[in-house]
Amino acid sequence: MTKTFPKGFLWGGATAANQIEGAYNEGGRGLATSDFARLITDEIRETEGAFDEHVPHNAASAEMVADMKKNPEKWALPKRRGIGFYHTYKEDIALFAEMGFKVFRLSISWSRIFPNGDDDTPNEEGLAFYDKVFDECHKHGIEPMVTLCHFDTPLHLAEKYGGFLSRHTVDAFVHYVETVLKRYKGKVKYWLTFNEINNVLSNPFTSSGLIFDGAPTANTCNPYLGHWQEKFQAVHNQMVASALAVIKCHEIDPEAKMGNMLCRLENYAESTKPEDQLQVLFEDHFNWFFTDVQCKGKYPYYMKRFFDENAITIAMEENDLEVLQQGTVDFITISYYMTYVMRFKGEKVPKPTGRLVSDIKNPNLEMSGWGWPIDPIGFRITLNHIYDRYQLPIFISENGLGAIDQADANGYVEDDYRIDYMKRHIEQMGEAITDGVDIFGYAWWGPIDLISSGTSEMKKRYGMIYVDLDDYGNGTAKRTRKKSFYYYKQVIESNGENLENNS
Ligand code: BG6
């Protein structure tokens with residue numbers, strides 16, 4: 001491989017408040033949607049039906065939320081305890097620094113700053129917590145990259161206003177953004193608005209604070225498939241909120257930059273049939289839609305037909321289109337985990353699949369233990385496609401492998417499978433850079449074991465740092481270095497030149 005990584009390339013790792021902090025009821029924090037994400041046990045998989053081992057918990061119904069509030073002891077809700085980062089941030093950041101991190105992507109818990117989401121004044125204890133975290137990063141020469149909302153809308157906004165279905169939530173979000181931009185001016189150079197904004201299609205509760213009536217349907221990957229009117233309205237409001245955040249960022253801290261975050265779903269046609277290729281085009285549109293608006297500043301032409309044929313009407317305020325145009329992002333970020341396979345559905349303009357994992361297997365790819373296809377070349381294709389479309393600098397805000405690790409008595413894990421995944425993806429990212437794609441950094445998802453977003457399991461581990469906790473919070477929470485810890489250190493030290501797994 002050609003030596004590709006530019007000087008100053010931002011190597012690091014990514015996390016989210018709701019998956020690491022815990023302390024859900026400490027420091028004046030209010031409840032968030034993530035506090036209502038149940039653990040998916042094998043029993044639930046068996047009784048409710050599993051799709052590729054992945055039964056989402058987070059499309060909660062009103063009944064489920066009410067019961068979780070009334071009888072919390074009945075439910076396992078691991079995100080409430082996270083991995084204790086709220087108290088261990090110094091130790092954890094020191095370990096990231098030991099690996100040589102240049103960047104640490106983390107998120108602010110909105111309900112730590114505004115417990116109800118829309119309070120008049122912020123909670124000083126919450127603000128002070130992130131001051132300490134950012135100071136700690138800078139002490140180690142690590143640049144924080146901060147997501148404003150990562151699947152944790154304040155519960156009050158979800159219950160009372162239907163989350164982002166309401167413009168009240170947009171106003172509350174903008175107030176929150178203004179508050180943190182002013183407070184952390186000079187401390188945070190890189191901001192992201194909403195994590196995986198397209199996730200509203202599959203996880204409307206966590207992503208946008210939408211709560212539907214009736215129990216989720218079993219035996220499907222997406223218990224609330226459909227509801228397109230509500231989902232596209234909510235996402236319109238989120239895109240306006242995102243644009244307003246970018247405008248505020250430029251006003252308040254002209255030195256800072258604000259990006260977006262898309263879960264990029266790269267699609268392959270199942271066959272060479274033109275119909276299958278057409279299906280790829282359709283499904284791609286439901287993925288590009290979000291970044292087309294956030295990067296180009298206007299609704300793309302292709303959504304009109306879908307909206308018309310499905311009687312979807314987006315309620316807009318007078319200057320929404322202008323705001324979208326003015327608030328385009330400075331850079332684009334993506335999560336990349338896998339690729340999808342498409343087969344013609346026989347519809348002129350189909351609905352989005354809204355799937356987390358492709359239902360058609362790609363026989364050419366291996367899969368992770370959770371049925372996620374592993375496709376490093378797909379990563380290079382993705383990066384080229386994005387750059388070709390937007391010509392904006394790209395940051396990889398997530399890429400990683402969730403696996404079951406066996407730690408020895410000292411907490412050491414010989415995770416060559418993770419090293420192999422990392423090596424092959426970094427190689428392809430290098431190829432993309434050599435292709436001419438402007439990539440300025442890479443954050444491994446979950447540098448430290450954390451609670452899974454999709455299933456709330458702890459045993460689905462991504463980390464290079466092992467955390468001695470199980471799905472139910474049993475264990476010492478002790479942090480130990482895995483083999484991949486030393487590998488990533490070597491990668492960063494050599495700025496991506498030494499990718500050999502020598503030991
Ligand atoms: C992304 C999310 O969807 O994928 C993360 O932004 C999440 O929050 C990651 O953890 C991996 O998914 P999971 O379900 O394996 O945790």
# chains A, B, ... in the order shown; residues from 1 in each chain; ligands from 1

$ residues_near_ligand --ligand "ligand 1" --cutoff "9 Å" --atoms "only C-alpha atoms and all ligand atoms" --output "PyMOL selection string"
chain A and resi 14-16+18-19+54+56+150-151+195-196+199+261-263+335-337+356+370+397-402+445-446+450-457+460-462

$ select_by_dssp --residues "range 50-270 of chain A" --states "strand (DSSP E or B)" --output "number ranges by chain"
A: 61, 103-107, 143-149, 154, 190-194, 212, 257-263, 266-269

$ write_last_selection --atoms "N, CA, C and O atoms" --output "compact mmCIF listing (two decimals), in the first residue's frame"
# COMPACT_ATOMS: atom_id res chain seq x y z
N SER A 61 -42.79 1.31 22.97
CA SER A 61 -44.18 1.75 22.91
C SER A 61 -44.48 2.55 24.17
O SER A 61 -43.76 2.48 25.17
N VAL A 103 -7.81 12.09 18.86
CA VAL A 103 -9.20 12.57 18.93
C VAL A 103 -10.03 11.59 19.75
O VAL A 103 -9.78 10.38 19.72
N PHE A 104 -10.95 12.12 20.51
CA PHE A 104 -11.89 11.28 21.25
C PHE A 104 -13.30 11.79 20.95
O PHE A 104 -13.64 12.91 21.30
N ARG A 105 -14.05 10.98 20.23
CA ARG A 105 -15.44 11.36 19.95
C ARG A 105 -16.32 10.88 21.10
O ARG A 105 -16.31 9.70 21.45
N LEU A 106 -17.06 11.80 21.68
CA LEU A 106 -17.97 11.47 22.78
C LEU A 106 -19.21 12.32 22.60
O LEU A 106 -19.24 13.21 21.74
N SER A 107 -20.24 12.05 23.37
CA SER A 107 -21.42 12.91 23.24
C SER A 107 -21.77 13.53 24.57
O SER A 107 -21.39 13.02 25.63
N GLU A 143 -8.00 15.86 21.08
CA GLU A 143 -9.04 16.80 20.65
C GLU A 143 -10.40 16.14 20.86
O GLU A 143 -10.64 15.06 20.31
N PRO A 144 -11.29 16.75 21.64
CA PRO A 144 -12.63 16.15 21.72
C PRO A 144 -13.47 16.45 20.48
O PRO A 144 -13.42 17.56 19.96
N MET A 145 -14.19 15.47 19.99
CA MET A 145 -15.18 15.70 18.93
C MET A 145 -16.52 15.34 19.56
O MET A 145 -16.70 14.22 20.04
N VAL A 146 -17.44 16.31 19.60
CA VAL A 146 -18.60 16.14 20.47
C VAL A 146 -19.92 16.05 19.69
O VAL A 146 -20.29 16.97 18.96
N THR A 147 -20.63 14.95 19.90
CA THR A 147 -21.96 14.79 19.31
C THR A 147 -22.97 15.42 20.25
O THR A 147 -22.96 15.16 21.45
N LEU A 148 -23.85 16.22 19.68
CA LEU A 148 -24.82 16.94 20.51
C LEU A 148 -25.96 16.03 20.97
O LEU A 148 -26.50 16.20 22.06
N CYS A 149 -26.33 15.08 20.13
CA CYS A 149 -27.42 14.19 20.53
C CYS A 149 -27.18 12.80 19.94
O CYS A 149 -27.25 12.63 18.72
N PRO A 154 -34.16 13.86 25.70
CA PRO A 154 -34.74 13.88 27.06
C PRO A 154 -36.16 13.28 27.05
O PRO A 154 -36.98 13.61 26.17
N TYR A 190 -14.52 20.49 17.20
CA TYR A 190 -15.33 19.67 16.29
C TYR A 190 -16.63 19.25 16.96
O TYR A 190 -16.60 18.63 18.03
N TRP A 191 -17.73 19.59 16.31
CA TRP A 191 -19.06 19.22 16.81
C TRP A 191 -19.78 18.38 15.76
O TRP A 191 -19.58 18.58 14.56
N LEU A 192 -20.66 17.49 16.22
CA LEU A 192 -21.56 16.76 15.32
C LEU A 192 -22.98 16.99 15.82
O LEU A 192 -23.20 17.06 17.03
N THR A 193 -23.93 17.07 14.91
CA THR A 193 -25.30 17.37 15.36
C THR A 193 -26.00 16.10 15.88
O THR A 193 -25.91 15.79 17.06
N PHE A 194 -26.63 15.32 15.00
CA PHE A 194 -27.34 14.12 15.46
C PHE A 194 -26.60 12.86 15.03
O PHE A 194 -26.23 12.73 13.86
N PHE A 212 -44.85 5.36 19.80
CA PHE A 212 -46.08 4.95 19.12
C PHE A 212 -46.98 4.18 20.08
O PHE A 212 -46.51 3.56 21.03
N LYS A 257 -15.91 23.84 14.00
CA LYS A 257 -16.57 23.30 12.81
C LYS A 257 -17.66 22.33 13.25
O LYS A 257 -17.50 21.64 14.26
N MET A 258 -18.71 22.27 12.45
CA MET A 258 -19.78 21.34 12.81
C MET A 258 -20.09 20.40 11.64
O MET A 258 -20.22 20.84 10.50
N GLY A 259 -20.16 19.11 11.96
CA GLY A 259 -20.43 18.11 10.93
C GLY A 259 -21.73 17.37 11.23
O GLY A 259 -22.39 17.60 12.24
N ASN A 260 -22.06 16.46 10.34
CA ASN A 260 -23.24 15.62 10.56
C ASN A 260 -22.78 14.18 10.75
O ASN A 260 -21.59 13.90 10.80
N MET A 261 -23.73 13.26 10.83
CA MET A 261 -23.37 11.87 11.05
C MET A 261 -24.43 10.97 10.42
O MET A 261 -25.60 11.03 10.77
N LEU A 262 -23.98 10.18 9.45
CA LEU A 262 -24.88 9.29 8.72
C LEU A 262 -24.41 7.85 8.92
O LEU A 262 -23.22 7.57 8.84
N CYS A 263 -25.36 6.96 9.16
CA CYS A 263 -25.03 5.54 9.14
C CYS A 263 -25.09 5.16 7.66
O CYS A 263 -26.16 5.04 7.08
N GLU A 266 -24.25 1.06 2.38
CA GLU A 266 -23.82 0.83 1.00
C GLU A 266 -24.56 -0.40 0.49
O GLU A 266 -24.55 -1.45 1.14
N ASN A 267 -25.21 -0.26 -0.65
CA ASN A 267 -26.05 -1.36 -1.14
C ASN A 267 -25.48 -2.00 -2.40
O ASN A 267 -25.01 -1.30 -3.30
N TYR A 268 -25.54 -3.32 -2.49
CA TYR A 268 -25.16 -4.06 -3.69
C TYR A 268 -26.43 -4.70 -4.27
O TYR A 268 -27.32 -5.12 -3.52
N ALA A 269 -26.46 -4.83 -5.61
CA ALA A 269 -27.56 -5.55 -6.24
C ALA A 269 -27.31 -7.05 -6.07
O ALA A 269 -26.17 -7.51 -6.16

$ residues_around --residues "range 314-318 of chain A" --least-positions-apart "4" --cutoff "10 Å" --atoms "only C-alpha atoms" --output "list in words"
Arg167, Gln229, Glu230, Phe232, Gln233, Ala234, Val235, His236, Asn237, Val240, Phe307, Glu322 and Val323 of chain A

$ residues_around --residues "Met99 in chain A" --least-positions-apart "2" --cutoff "7 Å" --atoms "only C-alpha atoms" --output "VMD selection string"
chain A and resid 95 to 97 101 485 488 to 489

$ closest_residue --among "A:Ile386, A:Ile83, A:Ile312, A:Ala158" --to "Phe36 in chain A" --atoms "only C-alpha atoms"
A:Ala158

$ closest_residue --among "A:Gly12, A:Pro6, A:Gly27, A:Pro352" --to "Trp228 in chain A" --atoms "only C-alpha atoms"
A:Pro352

$ residues_around --residues "Arg389 in chain A" --least-positions-apart "5" --cutoff "12 Å" --atoms "only C-alpha atoms" --output "PyMOL selection string"
chain A and resi 288-289+291-292+295-296+332+382-384+394+437

$ write_last_selection --atoms "N, CA and C atoms" --output "PDB file, in the first residue's frame"
ATOM      1  N   TRP A 288     -29.092   8.602   1.112  1.00  0.00           N
ATOM      2  CA  TRP A 288     -28.505   9.897   0.706  1.00  0.00           C
ATOM      3  C   TRP A 288     -29.388  11.078   1.083  1.00  0.00           C
ATOM      4  N   PHE A 289     -30.694  10.831   1.185  1.00  0.00           N
ATOM      5  CA  PHE A 289     -31.637  11.911   1.452  1.00  0.00           C
ATOM      6  C   PHE A 289     -31.132  12.822   2.595  1.00  0.00           C
ATOM      7  N   THR A 291     -28.081  13.200   4.020  1.00  0.00           N
ATOM      8  CA  THR A 291     -26.857  13.983   3.783  1.00  0.00           C
ATOM      9  C   THR A 291     -27.039  14.950   2.619  1.00  0.00           C
ATOM     10  N   ASP A 292     -27.918  14.619   1.686  1.00  0.00           N
ATOM     11  CA  ASP A 292     -28.182  15.583   0.608  1.00  0.00           C
ATOM     12  C   ASP A 292     -28.708  16.884   1.207  1.00  0.00           C
ATOM     13  N   CYS A 295     -25.800  18.459   3.522  1.00  0.00           N
ATOM     14  CA  CYS A 295     -24.567  18.908   2.847  1.00  0.00           C
ATOM     15  C   CYS A 295     -24.863  19.859   1.690  1.00  0.00           C
ATOM     16  N   LYS A 296     -25.994  19.630   1.001  1.00  0.00           N
ATOM     17  CA  LYS A 296     -26.276  20.477  -0.164  1.00  0.00           C
ATOM     18  C   LYS A 296     -27.301  21.558   0.155  1.00  0.00           C
ATOM     19  N   ILE A 332     -18.350  15.992   6.775  1.00  0.00           N
ATOM     20  CA  ILE A 332     -19.331  14.906   6.855  1.00  0.00           C
ATOM     21  C   ILE A 332     -18.714  13.745   7.630  1.00  0.00           C
ATOM     22  N   THR A 382     -17.648   2.932  -0.247  1.00  0.00           N
ATOM     23  CA  THR A 382     -18.446   3.932   0.474  1.00  0.00           C
ATOM     24  C   THR A 382     -17.760   5.289   0.496  1.00  0.00           C
ATOM     25  N   LEU A 383     -16.487   5.275   0.876  1.00  0.00           N
ATOM     26  CA  LEU A 383     -15.757   6.543   1.025  1.00  0.00           C
ATOM     27  C   LEU A 383     -15.664   7.273  -0.315  1.00  0.00           C
ATOM     28  N   ASN A 384     -15.434   6.509  -1.370  1.00  0.00           N
ATOM     29  CA  ASN A 384     -15.391   7.119  -2.705  1.00  0.00           C
ATOM     30  C   ASN A 384     -16.756   7.682  -3.095  1.00  0.00           C
ATOM     31  N   ILE A 394     -14.056  14.239   5.001  1.00  0.00           N
ATOM     32  CA  ILE A 394     -14.778  13.145   5.682  1.00  0.00           C
ATOM     33  C   ILE A 394     -14.032  12.728   6.946  1.00  0.00           C
ATOM     34  N   VAL A 437      -9.647  10.583  -1.930  1.00  0.00           N
ATOM     35  CA  VAL A 437     -10.710  10.988  -1.003  1.00  0.00           C
ATOM     36  C   VAL A 437     -10.091  11.757   0.170  1.00  0.00           C
TER      37      VAL A 437
END

$ decode --residues "range 185-337 of chain A" --atoms "C-alpha atoms" --output "PDB file, in the first residue's frame"
ATOM      1  CA  LYS A 185     -16.002  27.805  23.156  1.00  0.00           C
ATOM      2  CA  GLY A 186     -12.296  27.254  22.603  1.00  0.00           C
ATOM      3  CA  LYS A 187     -12.401  23.809  24.207  1.00  0.00           C
ATOM      4  CA  VAL A 188     -14.281  21.978  21.479  1.00  0.00           C
ATOM      5  CA  LYS A 189     -13.282  22.466  17.850  1.00  0.00           C
ATOM      6  CA  TYR A 190     -15.333  19.671  16.289  1.00  0.00           C
ATOM      7  CA  TRP A 191     -19.060  19.218  16.806  1.00  0.00           C
ATOM      8  CA  LEU A 192     -21.557  16.761  15.315  1.00  0.00           C
ATOM      9  CA  THR A 193     -25.297  17.372  15.363  1.00  0.00           C
ATOM     10  CA  PHE A 194     -27.341  14.118  15.464  1.00  0.00           C
ATOM     11  CA  ASN A 195     -25.834  10.670  15.584  1.00  0.00           C
ATOM     12  CA  GLU A 196     -26.876   8.537  12.589  1.00  0.00           C
ATOM     13  CA  ILE A 197     -29.693  10.861  11.632  1.00  0.00           C
ATOM     14  CA  ASN A 198     -31.111   8.236   9.250  1.00  0.00           C
ATOM     15  CA  ASN A 199     -31.700   5.878  12.168  1.00  0.00           C
ATOM     16  CA  VAL A 200     -35.170   7.354  12.572  1.00  0.00           C
ATOM     17  CA  LEU A 201     -36.267   4.844   9.941  1.00  0.00           C
ATOM     18  CA  SER A 202     -35.356   1.869  12.100  1.00  0.00           C
ATOM     19  CA  ASN A 203     -35.166   3.230  15.657  1.00  0.00           C
ATOM     20  CA  PRO A 204     -37.613   6.117  15.912  1.00  0.00           C
ATOM     21  CA  PHE A 205     -37.715   6.146  19.708  1.00  0.00           C
ATOM     22  CA  THR A 206     -34.028   6.490  20.464  1.00  0.00           C
ATOM     23  CA  SER A 207     -33.256   8.461  17.354  1.00  0.00           C
ATOM     24  CA  SER A 208     -36.024  11.047  17.421  1.00  0.00           C
ATOM     25  CA  GLY A 209     -38.008  10.516  20.609  1.00  0.00           C
ATOM     26  CA  LEU A 210     -41.072   9.148  18.784  1.00  0.00           C
ATOM     27  CA  ILE A 211     -43.390   6.983  20.879  1.00  0.00           C
ATOM     28  CA  PHE A 212     -46.081   4.954  19.124  1.00  0.00           C
ATOM     29  CA  ASP A 213     -49.198   3.417  20.592  1.00  0.00           C
ATOM     30  CA  GLY A 214     -49.546  -0.336  20.718  1.00  0.00           C
ATOM     31  CA  ALA A 215     -46.970  -3.014  21.350  1.00  0.00           C
ATOM     32  CA  PRO A 216     -44.124  -3.437  18.885  1.00  0.00           C
ATOM     33  CA  THR A 217     -44.710  -6.264  16.426  1.00  0.00           C
ATOM     34  CA  ALA A 218     -42.623  -9.385  16.896  1.00  0.00           C
ATOM     35  CA  ASN A 219     -40.665 -11.337  14.317  1.00  0.00           C
ATOM     36  CA  THR A 220     -39.342  -8.413  12.440  1.00  0.00           C
ATOM     37  CA  CYS A 221     -36.182  -6.454  12.608  1.00  0.00           C
ATOM     38  CA  ASN A 222     -38.191  -3.303  12.811  1.00  0.00           C
ATOM     39  CA  PRO A 223     -41.108  -3.369  15.241  1.00  0.00           C
ATOM     40  CA  TYR A 224     -42.439  -0.054  14.016  1.00  0.00           C
ATOM     41  CA  LEU A 225     -41.858  -0.349  10.312  1.00  0.00           C
ATOM     42  CA  GLY A 226     -44.016   2.173   8.503  1.00  0.00           C
ATOM     43  CA  HIS A 227     -45.209   5.358  10.219  1.00  0.00           C
ATOM     44  CA  TRP A 228     -43.489   7.175   7.362  1.00  0.00           C
ATOM     45  CA  GLN A 229     -45.467  10.381   7.811  1.00  0.00           C
ATOM     46  CA  GLU A 230     -44.306  10.782  11.411  1.00  0.00           C
ATOM     47  CA  LYS A 231     -40.755   9.660  10.724  1.00  0.00           C
ATOM     48  CA  PHE A 232     -40.160  11.997   7.799  1.00  0.00           C
ATOM     49  CA  GLN A 233     -41.791  14.898   9.639  1.00  0.00           C
ATOM     50  CA  ALA A 234     -39.591  14.288  12.673  1.00  0.00           C
ATOM     51  CA  VAL A 235     -36.508  14.086  10.533  1.00  0.00           C
ATOM     52  CA  HIS A 236     -37.409  17.307   8.715  1.00  0.00           C
ATOM     53  CA  ASN A 237     -37.548  18.986  12.100  1.00  0.00           C
ATOM     54  CA  GLN A 238     -34.236  17.406  13.070  1.00  0.00           C
ATOM     55  CA  MET A 239     -32.615  18.600   9.870  1.00  0.00           C
ATOM     56  CA  VAL A 240     -33.829  22.132  10.567  1.00  0.00           C
ATOM     57  CA  ALA A 241     -32.518  21.795  14.134  1.00  0.00           C
ATOM     58  CA  SER A 242     -29.200  20.558  12.758  1.00  0.00           C
ATOM     59  CA  ALA A 243     -28.953  23.492  10.327  1.00  0.00           C
ATOM     60  CA  LEU A 244     -29.780  25.974  13.089  1.00  0.00           C
ATOM     61  CA  ALA A 245     -27.040  24.381  15.204  1.00  0.00           C
ATOM     62  CA  VAL A 246     -24.497  24.872  12.400  1.00  0.00           C
ATOM     63  CA  ILE A 247     -25.549  28.522  12.004  1.00  0.00           C
ATOM     64  CA  LYS A 248     -25.200  29.071  15.775  1.00  0.00           C
ATOM     65  CA  CYS A 249     -21.822  27.376  15.785  1.00  0.00           C
ATOM     66  CA  HIS A 250     -20.497  29.726  13.110  1.00  0.00           C
ATOM     67  CA  GLU A 251     -21.870  32.757  14.973  1.00  0.00           C
ATOM     68  CA  ILE A 252     -20.701  31.786  18.452  1.00  0.00           C
ATOM     69  CA  ASP A 253     -17.359  30.154  17.705  1.00  0.00           C
ATOM     70  CA  PRO A 254     -16.087  30.825  14.181  1.00  0.00           C
ATOM     71  CA  GLU A 255     -13.014  28.691  14.911  1.00  0.00           C
ATOM     72  CA  ALA A 256     -15.146  25.595  15.477  1.00  0.00           C
ATOM     73  CA  LYS A 257     -16.572  23.304  12.808  1.00  0.00           C
ATOM     74  CA  MET A 258     -19.781  21.339  12.808  1.00  0.00           C
ATOM     75  CA  GLY A 259     -20.430  18.109  10.932  1.00  0.00           C
ATOM     76  CA  ASN A 260     -23.244  15.621  10.559  1.00  0.00           C
ATOM     77  CA  MET A 261     -23.368  11.866  11.054  1.00  0.00           C
ATOM     78  CA  LEU A 262     -24.878   9.288   8.725  1.00  0.00           C
ATOM     79  CA  CYS A 263     -25.034   5.539   9.140  1.00  0.00           C
ATOM     80  CA  ARG A 264     -23.892   4.840   5.596  1.00  0.00           C
ATOM     81  CA  LEU A 265     -25.702   1.865   4.117  1.00  0.00           C
ATOM     82  CA  GLU A 266     -23.825   0.832   0.998  1.00  0.00           C
ATOM     83  CA  ASN A 267     -26.052  -1.361  -1.145  1.00  0.00           C
ATOM     84  CA  TYR A 268     -25.163  -4.058  -3.689  1.00  0.00           C
ATOM     85  CA  ALA A 269     -27.563  -5.553  -6.241  1.00  0.00           C
ATOM     86  CA  GLU A 270     -28.209  -9.245  -5.645  1.00  0.00           C
ATOM     87  CA  SER A 271     -27.884  -9.990  -9.378  1.00  0.00           C
ATOM     88  CA  THR A 272     -27.059  -8.254 -12.618  1.00  0.00           C
ATOM     89  CA  LYS A 273     -30.790  -7.768 -13.284  1.00  0.00           C
ATOM     90  CA  PRO A 274     -31.501  -4.091 -13.938  1.00  0.00           C
ATOM     91  CA  GLU A 275     -34.456  -4.360 -11.551  1.00  0.00           C
ATOM     92  CA  ASP A 276     -32.151  -5.269  -8.671  1.00  0.00           C
ATOM     93  CA  GLN A 277     -29.913  -2.363  -9.564  1.00  0.00           C
ATOM     94  CA  LEU A 278     -32.979  -0.119  -9.573  1.00  0.00           C
ATOM     95  CA  GLN A 279     -33.740  -1.312  -6.059  1.00  0.00           C
ATOM     96  CA  VAL A 280     -30.218  -0.260  -5.062  1.00  0.00           C
ATOM     97  CA  LEU A 281     -30.940   3.194  -6.431  1.00  0.00           C
ATOM     98  CA  PHE A 282     -34.186   3.454  -4.457  1.00  0.00           C
ATOM     99  CA  GLU A 283     -32.668   2.270  -1.211  1.00  0.00           C
ATOM    100  CA  ASP A 284     -29.666   4.539  -1.733  1.00  0.00           C
ATOM    101  CA  HIS A 285     -32.001   7.486  -2.026  1.00  0.00           C
ATOM    102  CA  PHE A 286     -33.374   6.757   1.424  1.00  0.00           C
ATOM    103  CA  ASN A 287     -29.837   6.943   2.728  1.00  0.00           C
ATOM    104  CA  TRP A 288     -28.505   9.897   0.706  1.00  0.00           C
ATOM    105  CA  PHE A 289     -31.637  11.911   1.452  1.00  0.00           C
ATOM    106  CA  PHE A 290     -30.333  12.934   4.881  1.00  0.00           C
ATOM    107  CA  THR A 291     -26.857  13.983   3.783  1.00  0.00           C
ATOM    108  CA  ASP A 292     -28.182  15.583   0.608  1.00  0.00           C
ATOM    109  CA  VAL A 293     -30.158  17.977   2.777  1.00  0.00           C
ATOM    110  CA  GLN A 294     -27.416  18.490   5.347  1.00  0.00           C
ATOM    111  CA  CYS A 295     -24.567  18.908   2.847  1.00  0.00           C
ATOM    112  CA  LYS A 296     -26.276  20.477  -0.164  1.00  0.00           C
ATOM    113  CA  GLY A 297     -28.866  22.480   1.740  1.00  0.00           C
ATOM    114  CA  LYS A 298     -32.006  21.439  -0.090  1.00  0.00           C
ATOM    115  CA  TYR A 299     -34.484  18.624  -0.490  1.00  0.00           C
ATOM    116  CA  PRO A 300     -33.381  16.301  -3.296  1.00  0.00           C
ATOM    117  CA  TYR A 301     -35.658  15.907  -6.337  1.00  0.00           C
ATOM    118  CA  TYR A 302     -36.255  12.173  -5.812  1.00  0.00           C
ATOM    119  CA  MET A 303     -38.173  12.497  -2.527  1.00  0.00           C
ATOM    120  CA  LYS A 304     -41.100  14.271  -4.167  1.00  0.00           C
ATOM    121  CA  ARG A 305     -42.403  11.165  -5.898  1.00  0.00           C
ATOM    122  CA  PHE A 306     -42.052   9.066  -2.754  1.00  0.00           C
ATOM    123  CA  PHE A 307     -43.860  11.689  -0.670  1.00  0.00           C
ATOM    124  CA  ASP A 308     -46.616  12.113  -3.292  1.00  0.00           C
ATOM    125  CA  GLU A 309     -47.255   8.410  -3.751  1.00  0.00           C
ATOM    126  CA  ASN A 310     -47.402   7.822  -0.017  1.00  0.00           C
ATOM    127  CA  ALA A 311     -49.454  10.888   0.863  1.00  0.00           C
ATOM    128  CA  ILE A 312     -46.667  12.250   3.042  1.00  0.00           C
ATOM    129  CA  THR A 313     -46.889  15.962   3.693  1.00  0.00           C
ATOM    130  CA  ILE A 314     -44.074  17.712   5.450  1.00  0.00           C
ATOM    131  CA  ALA A 315     -45.213  20.667   7.505  1.00  0.00           C
ATOM    132  CA  MET A 316     -42.634  23.409   7.119  1.00  0.00           C
ATOM    133  CA  GLU A 317     -42.297  26.809   8.732  1.00  0.00           C
ATOM    134  CA  GLU A 318     -41.847  29.839   6.561  1.00  0.00           C
ATOM    135  CA  ASN A 319     -38.084  30.069   6.503  1.00  0.00           C
ATOM    136  CA  ASP A 320     -37.218  26.379   6.883  1.00  0.00           C
ATOM    137  CA  LEU A 321     -35.872  26.032   3.355  1.00  0.00           C
ATOM    138  CA  GLU A 322     -33.667  29.071   3.824  1.00  0.00           C
ATOM    139  CA  VAL A 323     -32.359  27.724   7.137  1.00  0.00           C
ATOM    140  CA  LEU A 324     -31.510  24.389   5.501  1.00  0.00           C
ATOM    141  CA  GLN A 325     -29.612  26.231   2.817  1.00  0.00           C
ATOM    142  CA  GLN A 326     -27.661  28.376   5.249  1.00  0.00           C
ATOM    143  CA  GLY A 327     -26.896  25.660   7.765  1.00  0.00           C
ATOM    144  CA  THR A 328     -24.961  23.180   5.660  1.00  0.00           C
ATOM    145  CA  VAL A 329     -22.285  21.254   7.495  1.00  0.00           C
ATOM    146  CA  ASP A 330     -18.537  21.894   7.374  1.00  0.00           C
ATOM    147  CA  PHE A 331     -17.628  18.234   7.111  1.00  0.00           C
ATOM    148  CA  ILE A 332     -19.331  14.906   6.855  1.00  0.00           C
ATOM    149  CA  THR A 333     -18.989  11.941   9.162  1.00  0.00           C
ATOM    150  CA  ILE A 334     -20.210   8.390   8.781  1.00  0.00           C
ATOM    151  CA  SER A 335     -20.415   5.170  10.649  1.00  0.00           C
ATOM    152  CA  TYR A 336     -19.489   2.174   8.546  1.00  0.00           C
ATOM    153  CA  TYR A 337     -20.094  -1.384   9.671  1.00  0.00           C
TER     154      TYR A 337
END
